[in-house]
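I have placed the structure first, in the form of structure tokens, so that the comments after it can refer back to it.
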Amino acid sequence: MRPQRFDLIAFDWDGTLFDSTALITRCIQAAAVDLGLERPSDADASYVIGMGLQEALAHAVPGLAPARYPELGLRYRHHYFAAQHEVTLFKGTLEMLAALKARHHWLTVATGKSRRGLDEALKVVELQGLFDGSRTADETAGKPHPQMLHELMREFGAEPERTLMIGDTSHDLQMALNAGTASVGVSYGAHDHQTFEAFKPLHIAHSVPELHDWLIKNA
């Protein structure tokens, strides 16, 4: 059965499927403090979610010399991997993914996480076999550069007009715009959804069940 409108659906991970926004924010702040730097505000630390790690840390801690970015990244990973068991998928995520899979959409992940970080997250038994492909920020260009989506579309032979990007940040929606694909924003993640209008998303969902319903009716 051919999907109604989109063959390929690309999901952001953190803040879209995985309830990790608060944890990432705390880990960025803790990493900065470990290096004797000023603690970034919640707004500055959460804004960078979705970017590649080095780019994100450089933005959140702008006074840090570039030579120390790897050191800051190591401290961030230390805090994140020590506490990643604290976060879970948003309620309703598995049901939504299973319903889309049953309709034969290609389901993929386009994330600012590292490959190691995403692979660790995907070890969850319930997620086995749900995703057909993925791209991470350390193996291609980070958001909002469109390369992640270009590579996924090329891998599956999907056209831009048959591809949908779903994310919780302006970086996700800008990436979709740059790649010539449609997008849907979610308001329950890292960024204020009031800023999404400029990126022309087809819809803004305020919960996973609402996103699920919209996708079944419109995707």
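In the structure tokens, the first chain shown is A, the next is B, and so on; residue numbers restart at 1 for each chain, and ligands run from 1 in the order shown.
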
So which residues touch Thr181 in chain A within 7 Å, counting only C-alpha atoms, skipping near sequence neighbours fewer than 4 positions away, as a short mmCIF file (atom, residue, chain, number, x, y, z; two decimals) with N, CA and C atoms, in the first residue's frame?
data_model
loop_
_atom_site.label_atom_id
_atom_site.label_comp_id
_atom_site.auth_asym_id
_atom_site.auth_seq_id
_atom_site.Cartn_x
_atom_site.Cartn_y
_atom_site.Cartn_z
N PRO A 160 11.95 15.13 -2.83
CA PRO A 160 11.69 16.12 -1.78
C PRO A 160 10.20 16.32 -1.50
N GLU A 161 9.38 16.32 -2.55
CA GLU A 161 7.94 16.54 -2.35
C GLU A 161 7.26 15.35 -1.69
N THR A 163 8.79 13.79 0.93
CA THR A 163 9.57 13.65 2.16
C THR A 163 9.08 14.66 3.20
N LEU A 164 8.99 14.22 4.45
CA LEU A 164 8.52 15.06 5.56
C LEU A 164 9.53 15.01 6.69
N ALA A 176 14.66 21.41 6.76
CA ALA A 176 13.65 20.95 5.80
C ALA A 176 13.46 21.98 4.69
N LEU A 177 13.38 23.25 5.07
CA LEU A 177 13.22 24.31 4.08
C LEU A 177 14.41 24.33 3.12
#

Legend entry - Residues within 6 Å of range 7-14 of chain A, only C-alpha atoms, excluding chain neighbours under 2 positions, as a PyMOL selection string: chain A and resi 3+16-18+20+105-111+162-167

Inset, instruction - Determine which residues of range 3-215 of chain A receive a DSSP assignment of helix (DSSP H, G or I), computed from the backbone, and state them as number ranges by chain. - result: A: 21-34, 42-47, 53-60, 66-86, 93-102, 115-121, 125-127, 147-156, 160-162, 170-179, 193-199, 208-215

Legend entry - Proximity to Thr88 in chain A - best of A:Leu122, A:Ile204, A:Ala179, A:Leu35, only C-alpha atoms: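 The answer is A:Leu122, which sits nearest to Thr88 in chain A.
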
Legend entry - For Leu72 in chain A: contacts at 8 Å, only C-alpha atoms, fewer than 4 positions along chain excluded, given as an MDAnalysis selection string: chainID A and resid 31:32 35 57 68 76

Take the residues just selected and output them with C-alpha atoms as a PDB file, in the first residue's frame.
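Output below, filename result_35.pdb:
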ATOM      1  CA  ALA A  31      30.142  20.723  31.379  1.00  0.00           C
ATOM      2  CA  ALA A  32      30.714  24.481  31.314  1.00  0.00           C
ATOM      3  CA  LEU A  35      35.765  23.852  32.978  1.00  0.00           C
ATOM      4  CA  LEU A  57      28.828  23.873  22.711  1.00  0.00           C
ATOM      5  CA  ARG A  68      39.072  23.602  24.331  1.00  0.00           C
ATOM      6  CA  TYR A  76      29.206  16.938  28.249  1.00  0.00           C
TER       7      TYR A  76
END

Do a neighbour search on Thr25 in chain A at 12 Å with only C-alpha atoms, toss out local chain neighbours closer than 3 positions, and write the hits as a compact mmCIF listing (two decimals) with N, CA and C atoms, in the first residue's frame.
# COMPACT_ATOMS: atom_id res chain seq x y z
N ASP A 14 16.02 14.02 19.87
CA ASP A 14 15.85 14.66 21.17
C ASP A 14 14.80 15.76 21.12
N GLY A 15 13.82 15.67 22.02
CA GLY A 15 12.77 16.66 22.10
C GLY A 15 11.62 16.42 21.15
N ASP A 19 12.30 12.24 25.27
CA ASP A 19 12.06 13.32 26.22
C ASP A 19 13.35 13.67 26.96
N SER A 20 14.26 14.35 26.26
CA SER A 20 15.61 14.55 26.79
C SER A 20 16.04 16.01 26.87
N THR A 21 15.14 16.93 26.57
CA THR A 21 15.52 18.35 26.51
C THR A 21 16.10 18.84 27.82
N ALA A 22 15.44 18.56 28.93
CA ALA A 22 15.92 19.06 30.24
C ALA A 22 17.27 18.45 30.58
N ILE A 28 24.91 20.35 29.38
CA ILE A 28 25.68 21.45 28.80
C ILE A 28 26.11 22.41 29.90
N GLN A 29 25.20 22.72 30.80
CA GLN A 29 25.53 23.63 31.90
C GLN A 29 26.60 23.04 32.81
N ALA A 30 26.46 21.76 33.14
CA ALA A 30 27.43 21.11 34.02
C ALA A 30 28.81 21.04 33.39
N ALA A 31 28.86 20.78 32.07
CA ALA A 31 30.14 20.72 31.38
C ALA A 31 30.86 22.06 31.43
N ALA A 32 30.11 23.15 31.25
CA ALA A 32 30.71 24.48 31.31
C ALA A 32 31.28 24.76 32.71
N ARG A 39 28.05 29.44 33.92
CA ARG A 39 26.97 28.51 33.61
C ARG A 39 26.02 29.13 32.58
N PRO A 40 25.84 28.49 31.41
CA PRO A 40 24.90 29.04 30.42
C PRO A 40 23.47 29.05 30.98
N SER A 41 22.69 30.01 30.54
CA SER A 41 21.29 30.06 30.96
C SER A 41 20.53 28.88 30.37
N ASP A 42 19.37 28.58 30.94
CA ASP A 42 18.53 27.52 30.39
C ASP A 42 18.20 27.80 28.93
N ALA A 43 17.91 29.08 28.62
CA ALA A 43 17.53 29.44 27.25
C ALA A 43 18.69 29.21 26.28
N ASP A 44 19.90 29.63 26.66
CA ASP A 44 21.06 29.45 25.78
C ASP A 44 21.40 27.98 25.60
N ALA A 45 21.32 27.21 26.69
CA ALA A 45 21.68 25.80 26.61
C ALA A 45 20.66 25.00 25.81
N SER A 46 19.38 25.31 25.94
CA SER A 46 18.36 24.55 25.22
C SER A 46 18.25 24.97 23.76
N TYR A 47 18.64 26.21 23.45
CA TYR A 47 18.54 26.68 22.06
C TYR A 47 19.39 25.83 21.12
N VAL A 48 20.52 25.34 21.59
CA VAL A 48 21.47 24.66 20.71
C VAL A 48 21.12 23.19 20.48
N ILE A 49 20.09 22.70 21.15
CA ILE A 49 19.70 21.31 20.95
C ILE A 49 19.31 21.09 19.49
N GLY A 50 19.86 20.07 18.90
CA GLY A 50 19.62 19.78 17.49
C GLY A 50 20.82 20.09 16.63
N ALA A 56 27.16 23.22 18.86
CA ALA A 56 26.25 23.56 19.95
C ALA A 56 27.00 24.11 21.16
N LEU A 57 28.08 23.43 21.54
CA LEU A 57 28.83 23.87 22.71
C LEU A 57 29.50 25.21 22.45
N ALA A 60 26.72 27.76 22.92
CA ALA A 60 26.25 27.88 24.31
C ALA A 60 27.30 28.51 25.21
N TYR A 76 30.63 17.08 28.56
CA TYR A 76 29.21 16.94 28.25
C TYR A 76 28.84 15.46 28.13
N HIS A 79 28.59 13.64 31.49
CA HIS A 79 27.35 13.89 32.23
C HIS A 79 26.15 13.22 31.54
N TYR A 80 26.11 13.27 30.21
CA TYR A 80 24.95 12.72 29.50
C TYR A 80 24.87 11.21 29.63
N GLY A 189 9.09 20.38 22.74
CA GLY A 189 10.53 20.15 22.83
C GLY A 189 11.31 21.36 23.27
N ALA A 190 12.41 21.65 22.57
CA ALA A 190 13.38 22.64 23.05
C ALA A 190 13.05 24.09 22.69

Legend entry - strand (DSSP E) positions in range 141-219 of chain A, given as number ranges by chain: A: 163-167, 182-186, 203-205

Would you mind exporting N, CA and C atoms of the selected residues as a short mmCIF file (atom, residue, chain, number, x, y, z; two decimals), in the first residue's frame?
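Generated file (result_1.cif):
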data_model
loop_
_atom_site.label_atom_id
_atom_site.label_comp_id
_atom_site.auth_asym_id
_atom_site.auth_seq_id
_atom_site.Cartn_x
_atom_site.Cartn_y
_atom_site.Cartn_z
N THR A 163 8.79 13.79 0.93
CA THR A 163 9.57 13.65 2.16
C THR A 163 9.08 14.66 3.20
N LEU A 164 8.99 14.22 4.45
CA LEU A 164 8.52 15.06 5.56
C LEU A 164 9.53 15.01 6.69
N MET A 165 9.91 16.19 7.20
CA MET A 165 10.79 16.30 8.37
C MET A 165 9.97 16.75 9.56
N ILE A 166 10.16 16.09 10.70
CA ILE A 166 9.43 16.42 11.92
C ILE A 166 10.43 16.75 13.02
N GLY A 167 10.31 17.92 13.65
CA GLY A 167 11.25 18.29 14.70
C GLY A 167 10.73 19.34 15.64
N ALA A 182 8.79 19.19 3.00
CA ALA A 182 7.78 19.68 3.94
C ALA A 182 8.25 19.41 5.37
N SER A 183 7.63 20.10 6.32
CA SER A 183 7.98 19.89 7.73
C SER A 183 6.76 19.99 8.61
N VAL A 184 6.90 19.41 9.79
CA VAL A 184 5.92 19.55 10.89
C VAL A 184 6.71 19.86 12.14
N GLY A 185 6.27 20.84 12.90
CA GLY A 185 6.93 21.18 14.15
C GLY A 185 6.17 20.61 15.33
N VAL A 186 6.88 20.36 16.42
CA VAL A 186 6.23 19.95 17.67
C VAL A 186 6.60 20.99 18.74
N HIS A 203 2.11 21.85 9.93
CA HIS A 203 1.32 21.71 11.17
C HIS A 203 2.26 21.85 12.35
N ILE A 204 1.73 22.29 13.48
CA ILE A 204 2.46 22.27 14.75
C ILE A 204 1.66 21.43 15.72
N ALA A 205 2.26 20.33 16.16
CA ALA A 205 1.59 19.41 17.08
C ALA A 205 2.01 19.71 18.51
#

Inset, instruction - Extract, using only C-alpha atoms, all DNA, RNA and protein residues at most 8 Å from Leu152 in chain A, discarding same-chain residues fewer than 4 positions from it, and format them as a PyMOL selection string. - result: chain A and resi 108+133-135+148+156

Save the residues we just selected, N, CA and C atoms, as a PDB file, in the first residue's frame?
ATOM      1  N   THR A 108      12.860   7.327   9.320  1.00  0.00           N
ATOM      2  CA  THR A 108      14.278   7.595   9.521  1.00  0.00           C
ATOM      3  C   THR A 108      14.464   8.603  10.655  1.00  0.00           C
ATOM      4  N   GLY A 133      16.503   3.940   8.438  1.00  0.00           N
ATOM      5  CA  GLY A 133      17.779   4.610   8.225  1.00  0.00           C
ATOM      6  C   GLY A 133      17.943   5.763   9.185  1.00  0.00           C
ATOM      7  N   SER A 134      19.150   6.333   9.218  1.00  0.00           N
ATOM      8  CA  SER A 134      19.409   7.460  10.120  1.00  0.00           C
ATOM      9  C   SER A 134      20.659   8.193   9.684  1.00  0.00           C
ATOM     10  N   ARG A 135      20.755   9.458  10.115  1.00  0.00           N
ATOM     11  CA  ARG A 135      21.951  10.260   9.942  1.00  0.00           C
ATOM     12  C   ARG A 135      22.191  11.029  11.237  1.00  0.00           C
ATOM     13  N   MET A 148      21.822  16.063   5.662  1.00  0.00           N
ATOM     14  CA  MET A 148      21.209  14.871   6.272  1.00  0.00           C
ATOM     15  C   MET A 148      20.016  14.397   5.455  1.00  0.00           C
ATOM     16  N   PHE A 156      16.983   6.281  -0.125  1.00  0.00           N
ATOM     17  CA  PHE A 156      15.708   5.580  -0.322  1.00  0.00           C
ATOM     18  C   PHE A 156      15.021   5.932  -1.639  1.00  0.00           C
TER      19      PHE A 156
END

Inset, instruction - Record the distance separating CA of Phe131 in chain A and CA of Met175 in chain A, expressed in Å with one decimal. - result: 20.1 Å

Inset, instruction - Just give me the gap between CA of Gln54 in chain A and CA of Val208 in chain A in Å, one decimal is fine. - result: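 These atoms are spaced 29.4 Å apart.
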